[in-house]
Structure formats: structure tokens, C-alpha cells
$ cat run03.cif   # mmCIF, C-alpha atoms
data_data
loop_
_atom_site.label_atom_id
_atom_site.label_comp_id
_atom_site.auth_asym_id
_atom_site.auth_seq_id
_atom_site.Cartn_x
_atom_site.Cartn_y
_atom_site.Cartn_z
CA GLY A 291 50.11 47.44 17.83
CA LEU A 292 49.01 49.84 20.53
CA PRO A 293 48.51 53.42 19.43
CA ILE A 294 51.06 55.47 21.36
CA GLU A 295 49.38 58.64 22.59
CA ARG A 296 50.80 62.14 22.21
CA VAL A 297 50.61 62.51 26.00
CA ASP A 298 52.23 59.70 27.99
CA PRO A 299 50.46 57.88 30.86
CA TYR A 300 51.98 60.29 33.39
CA GLY A 301 50.76 63.44 31.65
CA PHE A 302 53.98 64.40 29.81
CA GLU A 303 53.60 65.57 26.22
CA ARG A 304 55.88 63.69 23.87
CA PRO A 305 58.46 65.92 22.15
CA ALA A 306 57.92 66.99 18.53
CA ASN A 307 60.70 64.72 17.26
CA PHE A 308 59.43 61.66 19.16
CA ASP A 309 60.07 58.37 17.35
CA TYR A 310 56.63 56.72 17.64
CA THR A 311 57.51 53.71 15.49
CA SER A 312 60.44 52.44 17.51
CA TYR A 313 58.66 53.27 20.78
CA GLU A 314 55.63 51.28 19.71
CA ASP A 315 57.91 48.35 18.92
CA PHE A 316 59.55 48.60 22.36
CA PHE A 317 56.30 49.12 24.23
CA SER A 318 54.48 46.16 22.71
CA ARG A 319 57.36 43.97 23.93
CA TYR A 320 57.52 45.69 27.31
CA LEU A 321 53.78 45.24 27.83
CA VAL A 322 54.24 41.48 27.79
CA ILE A 323 56.86 41.80 30.55
CA LEU A 324 54.67 44.18 32.55
CA THR A 325 51.76 41.77 32.41
CA ARG A 326 53.94 38.90 33.60
CA ARG A 327 55.41 41.00 36.44
CA ALA A 328 51.96 42.24 37.51
CA ILE A 329 50.80 38.65 38.07
CA LYS A 330 53.90 37.87 40.18
CA TRP A 331 53.48 41.04 42.25
CA ALA A 332 49.79 40.37 42.84
CA LYS A 333 50.78 37.00 44.33
CA LEU A 334 53.56 38.54 46.42
CA LEU A 335 51.30 41.22 47.89
CA LYS A 336 48.26 38.97 48.38
CA GLY A 337 47.09 38.90 51.97
CA ASN A 338 48.84 42.23 52.36
CA ARG A 339 51.72 40.98 54.53
CA GLY A 340 53.68 44.06 53.58
CA VAL A 341 56.93 43.91 51.64
CA PRO A 342 59.63 42.04 53.56
CA LYS A 343 63.31 42.66 52.87
CA SER A 344 64.39 39.52 51.04
CA LEU A 345 66.39 38.43 48.02
CA LYS A 346 63.15 37.61 46.25
CA VAL A 347 61.77 41.10 46.85
CA LYS A 348 65.07 42.66 45.77
CA ARG A 349 64.90 40.64 42.53
CA TYR A 350 61.27 41.61 41.98
CA ILE A 351 62.05 45.29 42.52
CA ARG A 352 64.97 45.21 40.09
CA LYS A 353 62.59 43.81 37.49
CA GLY A 354 60.24 46.73 38.04
CA ILE A 355 57.31 47.46 40.33
CA PRO A 356 53.98 47.54 38.46
CA ASN A 357 52.68 51.09 38.48
CA GLU A 358 49.54 50.20 40.43
CA HIS A 359 51.72 48.98 43.34
CA ARG A 360 54.50 51.53 43.02
CA ALA A 361 53.32 54.01 45.64
CA LEU A 362 52.66 51.29 48.20
CA VAL A 363 55.98 49.52 47.68
CA TRP A 364 58.00 52.76 47.65
CA MET A 365 56.31 53.82 50.89
CA VAL A 366 57.05 50.55 52.64
CA VAL A 367 60.61 49.84 51.51
CA SER A 368 61.83 53.43 51.98
CA GLY A 369 60.60 53.62 55.56
CA ALA A 370 58.25 56.48 54.62
CA GLN A 371 55.20 54.44 55.62
CA SER A 372 56.40 53.85 59.18
CA HIS A 373 57.46 57.49 59.57
CA MET A 374 54.02 58.59 58.42
CA GLU A 375 52.26 56.20 60.80
CA GLN A 376 54.43 57.29 63.73
CA ASN A 377 53.63 60.97 63.09
CA PRO A 378 49.87 61.24 62.54
CA GLY A 379 48.70 64.79 61.83
CA TYR A 380 52.28 66.05 61.51
CA TYR A 381 51.99 66.95 57.82
CA GLN A 382 48.76 68.87 58.41
CA LYS A 383 50.39 70.80 61.28
CA LEU A 384 53.24 71.88 58.98
CA LEU A 385 50.75 73.24 56.46
CA GLU A 386 48.83 75.12 59.14
CA GLY A 387 51.88 76.50 60.97
CA ASP A 388 53.67 79.83 60.55
CA LYS A 389 55.47 80.21 57.25
CA ASN A 390 58.84 81.58 56.27
CA GLU A 391 57.89 84.21 53.65
CA LYS A 392 61.17 83.99 51.77
CA LEU A 393 60.89 80.21 51.42
CA VAL A 394 57.29 80.47 50.25
CA ASP A 395 58.21 83.08 47.61
CA THR A 396 61.08 80.99 46.26
CA ILE A 397 58.78 77.98 45.91
CA LYS A 398 56.07 80.08 44.23
CA THR A 399 58.57 81.32 41.65
CA ASP A 400 59.43 77.75 40.67
CA MET A 401 55.84 76.53 40.28
CA ASN A 402 55.43 77.43 36.60
CA ARG A 403 58.93 76.15 35.81
CA THR A 404 58.08 72.66 37.01
CA PHE A 405 57.14 70.36 34.13
CA PRO A 406 55.72 72.87 31.65
CA ASP A 407 55.39 69.82 29.37
CA ASN A 408 53.05 67.99 31.77
CA VAL A 409 49.33 68.57 31.27
CA ARG A 410 48.51 67.80 34.93
CA PHE A 411 50.69 70.64 36.17
CA ARG A 412 49.06 73.26 33.94
CA LYS A 413 47.03 76.02 35.54
CA THR A 414 44.13 74.87 33.34
CA ALA A 415 44.22 71.27 34.62
CA ASP A 416 41.54 70.05 37.01
CA PRO A 417 42.74 69.12 39.55
CA CYS A 418 45.87 71.21 38.97
CA LEU A 419 48.82 69.52 40.66
CA GLN A 420 50.64 72.83 41.19
CA LYS A 421 48.78 73.37 44.47
CA THR A 422 49.69 69.88 45.68
CA LEU A 423 53.32 70.43 44.69
CA TYR A 424 53.35 73.79 46.45
CA ASN A 425 52.00 72.24 49.66
CA VAL A 426 54.51 69.38 49.66
CA LEU A 427 57.47 71.71 49.12
CA VAL A 428 56.35 74.29 51.67
CA ALA A 429 55.72 71.58 54.25
CA TYR A 430 59.09 69.99 53.57
CA GLY A 431 60.94 73.31 53.76
CA HIS A 432 59.53 73.87 57.24
CA HIS A 433 60.04 70.26 58.30
CA ASN A 434 63.72 70.30 57.32
CA GLN A 435 64.88 73.86 57.82
CA SER A 436 68.54 73.09 57.23
CA VAL A 437 67.59 72.26 53.64
CA GLY A 438 64.61 74.55 53.14
CA TYR A 439 64.09 74.47 49.40
CA CYS A 440 66.41 74.24 46.45
CA GLN A 441 65.88 73.69 42.75
CA GLY A 442 65.64 70.07 41.81
CA MET A 443 63.40 69.26 44.76
CA ASN A 444 60.42 70.56 42.75
CA PHE A 445 61.02 67.95 40.04
CA ILE A 446 61.45 65.13 42.52
CA ALA A 447 58.34 66.08 44.47
CA GLY A 448 56.47 66.42 41.17
CA TYR A 449 57.30 62.84 40.16
CA LEU A 450 56.32 61.56 43.60
CA ILE A 451 52.94 63.28 43.26
CA LEU A 452 52.36 61.83 39.78
CA ILE A 453 53.00 58.32 41.12
CA THR A 454 51.36 58.39 44.57
CA ARG A 455 48.57 60.84 43.66
CA ASN A 456 48.68 61.53 47.38
CA GLU A 457 50.01 64.72 48.94
CA GLU A 458 51.00 63.37 52.34
CA GLU A 459 52.65 60.24 50.93
CA SER A 460 54.66 62.42 48.54
CA PHE A 461 55.86 64.46 51.50
CA TRP A 462 57.06 61.39 53.41
CA LEU A 463 58.75 59.92 50.32
CA LEU A 464 60.53 63.24 49.75
CA ASP A 465 61.63 63.03 53.38
CA ALA A 466 62.95 59.48 52.81
CA LEU A 467 64.94 60.60 49.76
CA ILE A 468 66.39 63.82 51.11
CA GLY A 469 66.66 62.81 54.76
CA ARG A 470 67.97 59.27 54.41
CA ILE A 471 68.66 57.97 50.90
CA LEU A 472 70.63 60.86 49.37
CA PRO A 473 73.35 61.95 51.75
CA ASP A 474 73.33 65.74 51.98
CA TYR A 475 72.50 66.58 48.34
CA TYR A 476 70.25 69.55 48.98
CA SER A 477 71.72 71.37 51.94
CA PRO A 478 73.00 74.87 51.09
CA GLU A 479 76.62 73.65 50.80
CA MET A 480 75.52 70.56 48.81
CA MET A 481 78.48 68.74 50.31
CA GLY A 482 77.00 65.28 49.67
CA LEU A 483 76.30 66.13 46.06
CA LYS A 484 79.80 67.47 45.44
CA THR A 485 81.25 64.42 47.17
CA ASP A 486 79.25 61.96 45.08
CA GLN A 487 80.28 63.65 41.83
CA GLU A 488 83.91 63.18 42.86
CA VAL A 489 83.14 59.58 43.86
CA LEU A 490 81.77 58.99 40.36
CA GLY A 491 85.01 60.43 38.97
CA GLU A 492 87.01 57.94 41.06
CA LEU A 493 84.79 55.04 39.97
CA VAL A 494 85.24 56.04 36.32
CA LYS A 495 89.04 55.99 36.90
CA MET A 496 88.68 52.42 38.15
CA LYS A 497 86.16 51.13 35.63
CA VAL A 498 86.47 53.29 32.49
CA PRO A 499 90.02 54.72 32.75
CA ALA A 500 90.16 56.01 29.17
CA VAL A 501 87.21 58.36 29.80
CA ALA A 502 88.81 59.54 33.05
CA GLU A 503 91.99 60.35 31.10
CA LEU A 504 90.03 62.31 28.50
CA MET A 505 88.44 64.38 31.26
CA GLU A 506 91.80 65.06 32.88
CA LYS A 507 93.43 65.93 29.59
CA HIS A 508 90.81 68.62 28.94
CA GLY A 509 90.69 69.70 32.60
CA ILE A 510 86.95 69.08 32.87
CA MET A 511 85.26 68.79 36.24
CA TRP A 512 82.65 66.06 36.58
CA THR A 513 80.14 68.47 38.07
CA LEU A 514 79.80 70.22 34.70
CA LEU A 515 78.63 67.00 33.06
CA VAL A 516 76.68 65.08 35.68
CA SER A 517 75.40 67.43 38.40
CA ARG A 518 71.85 67.23 37.00
CA TRP A 519 71.99 63.43 36.97
CA PHE A 520 72.41 63.55 40.74
CA ILE A 521 70.27 66.58 41.61
CA CYS A 522 67.27 65.52 39.53
CA LEU A 523 67.78 61.75 39.89
CA PHE A 524 67.67 61.47 36.08
CA ILE A 525 64.36 63.35 35.70
CA ASP A 526 64.27 65.15 32.33
CA ILE A 527 67.49 63.32 31.47
CA LEU A 528 66.29 59.77 30.90
CA PRO A 529 62.81 58.68 29.68
CA VAL A 530 60.08 58.69 32.36
CA GLU A 531 59.58 54.93 32.43
CA THR A 532 63.33 54.39 32.84
CA VAL A 533 63.54 56.96 35.65
CA LEU A 534 60.74 55.18 37.53
CA ARG A 535 62.50 51.83 37.16
CA ILE A 536 65.67 53.42 38.57
CA TRP A 537 63.69 54.89 41.48
CA ASP A 538 62.20 51.46 42.26
CA CYS A 539 65.73 50.33 43.08
CA LEU A 540 66.74 53.64 44.65
CA PHE A 541 64.05 53.36 47.33
CA TYR A 542 65.01 49.76 48.10
CA GLU A 543 68.78 49.66 47.60
CA GLY A 544 69.79 53.28 48.19
CA SER A 545 72.04 55.78 46.46
CA LYS A 546 74.41 53.16 45.05
CA ILE A 547 71.96 52.81 42.14
CA ILE A 548 72.78 56.31 40.91
CA PHE A 549 76.42 55.28 40.41
CA ARG A 550 75.37 52.08 38.62
CA VAL A 551 73.28 54.08 36.16
CA ALA A 552 75.95 56.73 35.59
CA LEU A 553 78.71 54.15 35.10
CA THR A 554 76.57 52.14 32.69
CA LEU A 555 75.83 55.20 30.55
CA ILE A 556 79.52 56.12 30.44
CA LYS A 557 80.94 52.63 29.98
CA HIS A 558 78.43 51.55 27.33
CA HIS A 559 79.16 54.66 25.25
CA GLN A 560 82.88 54.76 25.96
CA ALA A 561 83.96 54.65 22.29
CA PHE A 562 81.51 57.42 21.37
CA ILE A 563 82.69 59.65 24.25
CA LEU A 564 86.34 59.08 23.37
CA GLU A 565 85.82 60.49 19.87
CA ALA A 566 85.36 63.93 21.44
CA THR A 567 88.21 66.38 20.87
CA ASN A 568 87.24 69.41 22.95
CA PHE A 569 85.13 70.54 25.90
CA PRO A 570 81.89 71.50 24.05
CA ASP A 571 82.09 68.24 22.15
CA ILE A 572 82.40 66.24 25.38
CA CYS A 573 79.38 68.09 26.82
CA ASP A 574 77.30 67.31 23.74
CA ARG A 575 78.25 63.65 23.87
CA PHE A 576 77.25 63.43 27.54
CA LYS A 577 73.81 64.75 26.53
CA GLU A 578 73.60 62.30 23.62
CA ILE A 579 74.31 59.20 25.71
CA THR A 580 71.14 59.78 27.72
CA LYS A 581 68.94 59.49 24.60
CA GLY A 582 67.99 56.75 22.16
CA PRO A 583 66.99 53.08 22.29
CA PHE A 584 69.62 52.04 24.86
CA VAL A 585 67.91 54.07 27.62
CA THR A 586 64.35 53.82 26.27
CA GLU A 587 64.36 50.03 26.46
CA CYS A 588 64.11 50.29 30.23
CA HIS A 589 63.91 46.57 30.97
CA THR A 590 67.19 45.67 29.23
CA PHE A 591 68.76 48.89 30.50
CA MET A 592 67.98 47.89 34.09
CA GLN A 593 69.56 44.48 33.51
CA LYS A 594 72.64 46.25 32.14
CA ILE A 595 73.12 48.49 35.17
CA PHE A 596 73.61 45.40 37.32
CA THR A 597 76.09 43.73 34.95
CA GLU A 598 77.92 46.39 32.93
CA PRO A 599 79.65 48.30 35.79
CA GLY A 600 80.76 45.03 37.42
CA SER A 601 80.96 44.65 41.17
CA LEU A 602 80.19 47.81 43.15
CA ARG A 603 80.20 47.36 46.88
CA MET A 604 78.63 49.85 49.26
CA ALA A 605 81.85 49.60 51.31
CA THR A 606 83.82 50.85 48.27
CA ILE A 607 81.46 53.79 47.87
CA GLU A 608 81.56 54.67 51.58
CA LYS A 609 85.36 54.64 51.55
CA LEU A 610 85.51 56.81 48.41
CA ARG A 611 82.97 59.18 49.97
CA GLU A 612 85.20 59.58 52.99
CA THR A 613 88.32 60.42 50.94
CA CYS A 614 86.52 62.69 48.46
CA ARG A 615 84.74 64.53 51.24
CA ALA A 616 88.01 65.09 53.10
CA ASN A 617 89.64 66.43 49.90
CA LEU A 618 86.74 68.81 49.28
CA ILE A 619 86.84 70.12 52.84
CA ALA A 620 90.62 70.62 52.55
CA GLN A 621 90.07 72.69 49.40
CA THR A 622 87.52 75.09 50.91
#

$ encode --input "run03.cif" --output "C-alpha cells"
Amino acid sequence: GLPIERVDPYGFERPANFDYTSYEDFFSRYLVILTRRAIKWAKLLKGNRGVPKSLKVKRYIRKGIPNEHRALVWMVVSGAQSHMEQNPGYYQKLLEGDKNEKLVDTIKTDMNRTFPDNVRFRKTADPCLQKTLYNVLVAYGHHNQSVGYCQGMNFIAGYLILITRNEEESFWLLDALIGRILPDYYSPEMMGLKTDQEVLGELVKMKVPAVAELMEKHGIMWTLLVSRWFICLFIDILPVETVLRIWDCLFYEGSKIIFRVALTLIKHHQAFILEATNFPDICDRFKEITKGPFVTECHTFMQKIFTEPGSLRMATIEKLRETCRANLIAQT
């Protein structure tokens, strides 16, 4: 089979305990799928008519965007492309404008903490992506001053840069995610984030009641287990290839995808989670369920997220968001 390198195609070093044998087995199978999808996408994008919203495109995106088209498709379906075209020179102006010193310092502090395991973000790399990341985050913090900068955004911007290899496109994709796709996750109060964690709790009550009961019995708040799933959009939680497949759908279908992934992880491992007898044990099990072949086999995993949780209507989520938000506001 293919030799699996110690550094993955995106520049991440594989961990010391990485299981090369089973990954090689998965990847040789996945490569066949990728090749087949690449041919279909080439046909779809031929003549460059853009990417229309259609059931066919939705199906194609769920089956994964080939990496060579990822940046283009993300830009188009997220609306980032049209925002960029409507605001020529805007990104440059942000970089040249006056800076908020405090914001700049906070971002600088986080530079070395962003992907220490990625060779392209090392100071020794050429080009070193830290400068690009710094620019994107500083520009965004001045573009959206109500958010500014908070931890988690560095990881998201970092992934965008690795995929687009384009500073300005990364900025507009970050704007699509924070400004439109993720409702209020990164504002100082993080109201949207807190709301969505509660929404997940409600969905678990509906779809995996035994796990919900376990949580209640031990008095555990969802935020302690899943806040990083939401804040980092599964970066550093699930394997890179799987995260990118989730993001393909996130840019096209919106934040509902995050709930599908979370519910699938919980429901699929329900029996394993229910063996836990105390709080630390539950925490460990929630870390365990994000590892192993189930999540590494990204193609089958992505099929599962659309079947395993069952029906999940945006209307249901919106309604739950309303109630959970109201409850949170009442508590403050």
C-alpha cells in the first residue's frame, strides 16, 4: 500500500502512538473513493458555472469536496466569495489601519500555542504561516469589534489558511463562520455557544435519554464535556480529514451539522458511556469516543451522521435555541 508519512498532507505530525497499519488500510480504501469523487466534481465544476444550491450539490458536498476544490467551494457556498467581491481592498485597509494594542498583544501571545504539532506553523518554516495567521486574526478583530479575538478562533483561522493557502480568503471564510454560520459563539458573553450546548443537552434527552439521565444523576453540565467541540469545531478533537469533511457540510448546511456529529458520537457509543460510574470516568469516556476507527473512517462516519441521529429539523433546533436562550438569560 501507500507509505503513510510521519507528517500528514496538511503539515501535522502524527502522534507517537499513531496506528500506521490500520490507517494505511483505511486510506487505501478511501483513496479509491476520493478518486471517484474527484472525477464527479471535475465534471460538476467544468465550465466554471459556480456551485448552485441544489440537491445534487448537497449530496456531492456530503460525500466530501476534493481537497483541490475545497477552498473554491467553501468560498462560494458560504457566501464568503460574494462578500469578498463586494468589498475590494477592504481586507488590506484593515491591515493598514490603526490597531488596538491590547487585541494585538493577545493575538501575539497565542501565536506559538497554535498548532505546535504543525510544521508549517513553526518559526523555522518557510513560508511560516504564523504571520499569515496573525494578519487574519488582527484584521478580523478590527472588522468585528464586538467579538475582537478569543481563543479557538486561532485554530479555526489556522485550518482555513492550511486549506485556502490564501490570507484574504481565510479572512472572509472566518467572517462567514463567525458572522453568519455560528450564532454568537465568540462574543464576550458567548451566549450562542452556551445556548447550543444546552440545545445539545435537550437533543440528547430526546434521542439518547439514558445518557441524559446519567448526566443528570451526576449533576454534570454539558459545557464541561463538549464546549471544545463547539468552540473549535472539532479541531484537535477528531482526525483532520474527518474535521474537513464536517466543515464541507458546515459551510453548505450550517450549524445543524455540529449537532449531528455530537449526537452521532454520543449515540453510537451509548453503551460505553453508560458504563461510567463517576464524573472523571464520564469525562474520560467523552474523550475516548472521539478517537479510534469509528471517527478515522471519515467516509462511513459522514454517512452515519446523517442516519444515526435520525431526523433533525432546523425548525426543531431554532425552537430549542429560543427556549434554552430564554432560560440562560433568566438565570443571569

$ closest_atom_pairs --input "run03.cif" --of "stretch 407-498 of chain A" --to "stretch 300-309 of chain A" --cutoff "6 Å" --atoms "all atoms listed in the file" --output "Markdown table"
| residue | atom | partner | partner_atom | distance |
| --- | --- | --- | --- | --- |
| A:Asp407 | CA | A:Glu303 | CA | 5.6 |
| A:Asn408 | CA | A:Phe302 | CA | 4.2 |
| A:Val409 | CA | A:Gly301 | CA | 5.3 |
| A:Arg410 | CA | A:Gly301 | CA | 5.9 |

$ residues_around --input "run03.cif" --residues "stretch 610-619 of chain A" --least-positions-apart "6" --cutoff "12 Å" --atoms "only C-alpha atoms" --output "mmCIF file with C-alpha atoms, keeping the file's coordinate frame"
data_model
loop_
_atom_site.group_PDB
_atom_site.id
_atom_site.type_symbol
_atom_site.label_atom_id
_atom_site.label_comp_id
_atom_site.auth_asym_id
_atom_site.auth_seq_id
_atom_site.Cartn_x
_atom_site.Cartn_y
_atom_site.Cartn_z
ATOM 1 C CA PRO A 473 73.350 61.950 51.750
ATOM 2 C CA ASP A 474 73.330 65.740 51.980
ATOM 3 C CA GLU A 479 76.620 73.650 50.800
ATOM 4 C CA MET A 480 75.520 70.560 48.810
ATOM 5 C CA MET A 481 78.480 68.740 50.310
ATOM 6 C CA GLY A 482 77.000 65.280 49.670
ATOM 7 C CA LEU A 483 76.300 66.130 46.060
ATOM 8 C CA LYS A 484 79.800 67.470 45.440
ATOM 9 C CA THR A 485 81.250 64.420 47.170
ATOM 10 C CA ASP A 486 79.250 61.960 45.080
ATOM 11 C CA GLN A 487 80.280 63.650 41.830
ATOM 12 C CA GLU A 488 83.910 63.180 42.860
ATOM 13 C CA VAL A 489 83.140 59.580 43.860
ATOM 14 C CA LEU A 490 81.770 58.990 40.360
ATOM 15 C CA GLY A 491 85.010 60.430 38.970
ATOM 16 C CA GLU A 492 87.010 57.940 41.060
ATOM 17 C CA LEU A 493 84.790 55.040 39.970
ATOM 18 C CA MET A 496 88.680 52.420 38.150
ATOM 19 C CA SER A 545 72.040 55.780 46.460
ATOM 20 C CA LYS A 546 74.410 53.160 45.050
ATOM 21 C CA LEU A 602 80.190 47.810 43.150
ATOM 22 C CA ARG A 603 80.200 47.360 46.880
ATOM 23 C CA MET A 604 78.630 49.850 49.260
#

$ resolve_selection --input "run03.cif" --expression "the PyMOL selection byres ((chain A and resi 400) around 12)" --output "PDB file with C-alpha atoms, in the frame of the given file"
ATOM      1  CA  LEU A 393      60.890  80.210  51.420  1.00  0.00           C
ATOM      2  CA  VAL A 394      57.290  80.470  50.250  1.00  0.00           C
ATOM      3  CA  ASP A 395      58.210  83.080  47.610  1.00  0.00           C
ATOM      4  CA  THR A 396      61.080  80.990  46.260  1.00  0.00           C
ATOM      5  CA  ILE A 397      58.780  77.980  45.910  1.00  0.00           C
ATOM      6  CA  LYS A 398      56.070  80.080  44.230  1.00  0.00           C
ATOM      7  CA  THR A 399      58.570  81.320  41.650  1.00  0.00           C
ATOM      8  CA  MET A 401      55.840  76.530  40.280  1.00  0.00           C
ATOM      9  CA  ASN A 402      55.430  77.430  36.600  1.00  0.00           C
ATOM     10  CA  ARG A 403      58.930  76.150  35.810  1.00  0.00           C
ATOM     11  CA  THR A 404      58.080  72.660  37.010  1.00  0.00           C
ATOM     12  CA  PHE A 405      57.140  70.360  34.130  1.00  0.00           C
ATOM     13  CA  PRO A 406      55.720  72.870  31.650  1.00  0.00           C
ATOM     14  CA  GLN A 420      50.640  72.830  41.190  1.00  0.00           C
ATOM     15  CA  LEU A 423      53.320  70.430  44.690  1.00  0.00           C
ATOM     16  CA  TYR A 424      53.350  73.790  46.450  1.00  0.00           C
ATOM     17  CA  LEU A 427      57.470  71.710  49.120  1.00  0.00           C
ATOM     18  CA  VAL A 428      56.350  74.290  51.670  1.00  0.00           C
ATOM     19  CA  TYR A 439      64.090  74.470  49.400  1.00  0.00           C
ATOM     20  CA  CYS A 440      66.410  74.240  46.450  1.00  0.00           C
ATOM     21  CA  GLN A 441      65.880  73.690  42.750  1.00  0.00           C
ATOM     22  CA  GLY A 442      65.640  70.070  41.810  1.00  0.00           C
ATOM     23  CA  MET A 443      63.400  69.260  44.760  1.00  0.00           C
ATOM     24  CA  ASN A 444      60.420  70.560  42.750  1.00  0.00           C
ATOM     25  CA  PHE A 445      61.020  67.950  40.040  1.00  0.00           C
ATOM     26  CA  GLY A 448      56.470  66.420  41.170  1.00  0.00           C
TER      27      GLY A 448
END

$ resolve_selection --input "run03.cif" --expression "the PyMOL selection byres ((chain A and resi 467-471) around 9)" --output "list of chain:residue names"
A:Ser368, A:Asn434, A:Val437, A:Met443, A:Trp462, A:Leu463, A:Leu464, A:Asp465, A:Ala466, A:Leu472, A:Pro473, A:Asp474, A:Tyr475, A:Tyr476, A:Leu540, A:Phe541, A:Glu543, A:Gly544, A:Ser545

$ residues_around --input "run03.cif" --residues "A:Leu345" --least-positions-apart "5" --cutoff "12 Å" --atoms "all atoms listed in the file" --output "PDB file with C-alpha atoms, keeping the file's coordinate frame"
ATOM      1  CA  TYR A 350      61.270  41.610  41.980  1.00  0.00           C
ATOM      2  CA  ILE A 351      62.050  45.290  42.520  1.00  0.00           C
ATOM      3  CA  ARG A 352      64.970  45.210  40.090  1.00  0.00           C
ATOM      4  CA  TYR A 542      65.010  49.760  48.100  1.00  0.00           C
ATOM      5  CA  GLU A 543      68.780  49.660  47.600  1.00  0.00           C
TER       6      GLU A 543
END

$ closest_residue --input "run03.cif" --among "A:Ile355, A:Gln435, A:Leu450, A:Pro499" --to "A:Pro478" --atoms "all atoms listed in the file"
A:Gln435

$ residues_around --input "run03.cif" --residues "A:Arg550" --least-positions-apart "6" --cutoff "10 Å" --atoms "all atoms listed in the file" --output "list in words"
Leu490, Leu493, Ile536, Met592, Lys594, Ile595, Phe596, Thr597, Glu598, Pro599, Gly600, Ser601 and Leu602 of chain A

$ closest_residue --input "run03.cif" --among "A:His432, A:Glu587, A:Phe411, A:Ile607" --to "A:Tyr313" --atoms "only C-alpha atoms"
A:Glu587

$ resolve_selection --input "run03.cif" --expression "the PyMOL selection byres ((chain A and resi 527) around 12)" --output "CSV table (one decimal) with C-alpha atoms, in the coordinates of the input"
chain,number,residue,atom,x,y,z
A,445,PHE,CA,61.0,68.0,40.0
A,515,LEU,CA,78.6,67.0,33.1
A,516,VAL,CA,76.7,65.1,35.7
A,517,SER,CA,75.4,67.4,38.4
A,518,ARG,CA,71.8,67.2,37.0
A,519,TRP,CA,72.0,63.4,37.0
A,520,PHE,CA,72.4,63.6,40.7
A,521,ILE,CA,70.3,66.6,41.6
A,522,CYS,CA,67.3,65.5,39.5
A,523,LEU,CA,67.8,61.8,39.9
A,524,PHE,CA,67.7,61.5,36.1
A,525,ILE,CA,64.4,63.4,35.7
A,526,ASP,CA,64.3,65.2,32.3
A,528,LEU,CA,66.3,59.8,30.9
A,529,PRO,CA,62.8,58.7,29.7
A,530,VAL,CA,60.1,58.7,32.4
A,531,GLU,CA,59.6,54.9,32.4
A,532,THR,CA,63.3,54.4,32.8
A,533,VAL,CA,63.5,57.0,35.6
A,551,VAL,CA,73.3,54.1,36.2
A,552,ALA,CA,76.0,56.7,35.6
A,555,LEU,CA,75.8,55.2,30.6
A,576,PHE,CA,77.2,63.4,27.5
A,577,LYS,CA,73.8,64.8,26.5
A,578,GLU,CA,73.6,62.3,23.6
A,579,ILE,CA,74.3,59.2,25.7
A,580,THR,CA,71.1,59.8,27.7
A,581,LYS,CA,68.9,59.5,24.6
A,582,GLY,CA,68.0,56.8,22.2
A,585,VAL,CA,67.9,54.1,27.6
A,586,THR,CA,64.4,53.8,26.3

$ atom_distance --input "run03.cif" --atom1 "atom CA of A:Leu335" --atom2 "atom CA of A:Gly354"
14.4 Å

$ decode --input "run03.cif" --residues "stretch 312-325 of chain A" --atoms "N, CA, C and O atoms" --output "mmCIF file, in the first residue's frame"
data_model
loop_
_atom_site.group_PDB
_atom_site.id
_atom_site.type_symbol
_atom_site.label_atom_id
_atom_site.label_comp_id
_atom_site.auth_asym_id
_atom_site.auth_seq_id
_atom_site.Cartn_x
_atom_site.Cartn_y
_atom_site.Cartn_z
ATOM 1 N N SER A 312 -3.506 0.338 10.611
ATOM 2 C CA SER A 312 -4.939 0.440 10.350
ATOM 3 C C SER A 312 -5.233 1.692 9.513
ATOM 4 O O SER A 312 -6.162 1.713 8.718
ATOM 5 N N TYR A 313 -4.412 2.733 9.674
ATOM 6 C CA TYR A 313 -4.644 3.938 8.874
ATOM 7 C C TYR A 313 -4.359 3.663 7.404
ATOM 8 O O TYR A 313 -5.066 4.123 6.515
ATOM 9 N N GLU A 314 -3.310 2.906 7.162
ATOM 10 C CA GLU A 314 -2.940 2.560 5.788
ATOM 11 C C GLU A 314 -4.078 1.775 5.129
ATOM 12 O O GLU A 314 -4.427 2.012 3.976
ATOM 13 N N ASP A 315 -4.656 0.860 5.915
ATOM 14 C CA ASP A 315 -5.774 0.059 5.433
ATOM 15 C C ASP A 315 -6.956 0.964 5.079
ATOM 16 O O ASP A 315 -7.561 0.851 4.011
ATOM 17 N N PHE A 316 -7.287 1.902 5.991
ATOM 18 C CA PHE A 316 -8.375 2.847 5.726
ATOM 19 C C PHE A 316 -8.058 3.698 4.508
ATOM 20 O O PHE A 316 -8.869 3.864 3.605
ATOM 21 N N PHE A 317 -6.826 4.249 4.471
ATOM 22 C CA PHE A 317 -6.529 5.244 3.453
ATOM 23 C C PHE A 317 -6.491 4.651 2.050
ATOM 24 O O PHE A 317 -6.891 5.299 1.088
ATOM 25 N N SER A 318 -6.040 3.417 1.930
ATOM 26 C CA SER A 318 -6.025 2.806 0.597
ATOM 27 C C SER A 318 -7.459 2.648 0.083
ATOM 28 O O SER A 318 -7.727 2.831 -1.105
ATOM 29 N N ARG A 319 -8.406 2.361 0.992
ATOM 30 C CA ARG A 319 -9.813 2.282 0.591
ATOM 31 C C ARG A 319 -10.382 3.672 0.297
ATOM 32 O O ARG A 319 -11.140 3.859 -0.653
ATOM 33 N N TYR A 320 -9.999 4.626 1.128
ATOM 34 C CA TYR A 320 -10.537 5.989 0.976
ATOM 35 C C TYR A 320 -10.048 6.626 -0.330
ATOM 36 O O TYR A 320 -10.762 7.383 -0.965
ATOM 37 N N LEU A 321 -8.824 6.295 -0.710
ATOM 38 C CA LEU A 321 -8.236 6.843 -1.928
ATOM 39 C C LEU A 321 -9.081 6.505 -3.156
ATOM 40 O O LEU A 321 -9.243 7.325 -4.065
ATOM 41 N N VAL A 322 -9.617 5.305 -3.165
ATOM 42 C CA VAL A 322 -10.482 4.881 -4.268
ATOM 43 C C VAL A 322 -11.715 5.782 -4.339
ATOM 44 O O VAL A 322 -12.115 6.250 -5.408
ATOM 45 N N ILE A 323 -12.294 6.064 -3.154
ATOM 46 C CA ILE A 323 -13.463 6.951 -3.090
ATOM 47 C C ILE A 323 -13.088 8.351 -3.540
ATOM 48 O O ILE A 323 -13.788 8.969 -4.349
ATOM 49 N N LEU A 324 -11.954 8.851 -3.044
ATOM 50 C CA LEU A 324 -11.511 10.200 -3.401
ATOM 51 C C LEU A 324 -11.343 10.351 -4.905
ATOM 52 O O LEU A 324 -11.720 11.369 -5.488
ATOM 53 N N THR A 325 -10.763 9.336 -5.514
ATOM 54 C CA THR A 325 -10.532 9.391 -6.957
ATOM 55 C C THR A 325 -11.867 9.467 -7.694
ATOM 56 O O THR A 325 -12.042 10.276 -8.610
#
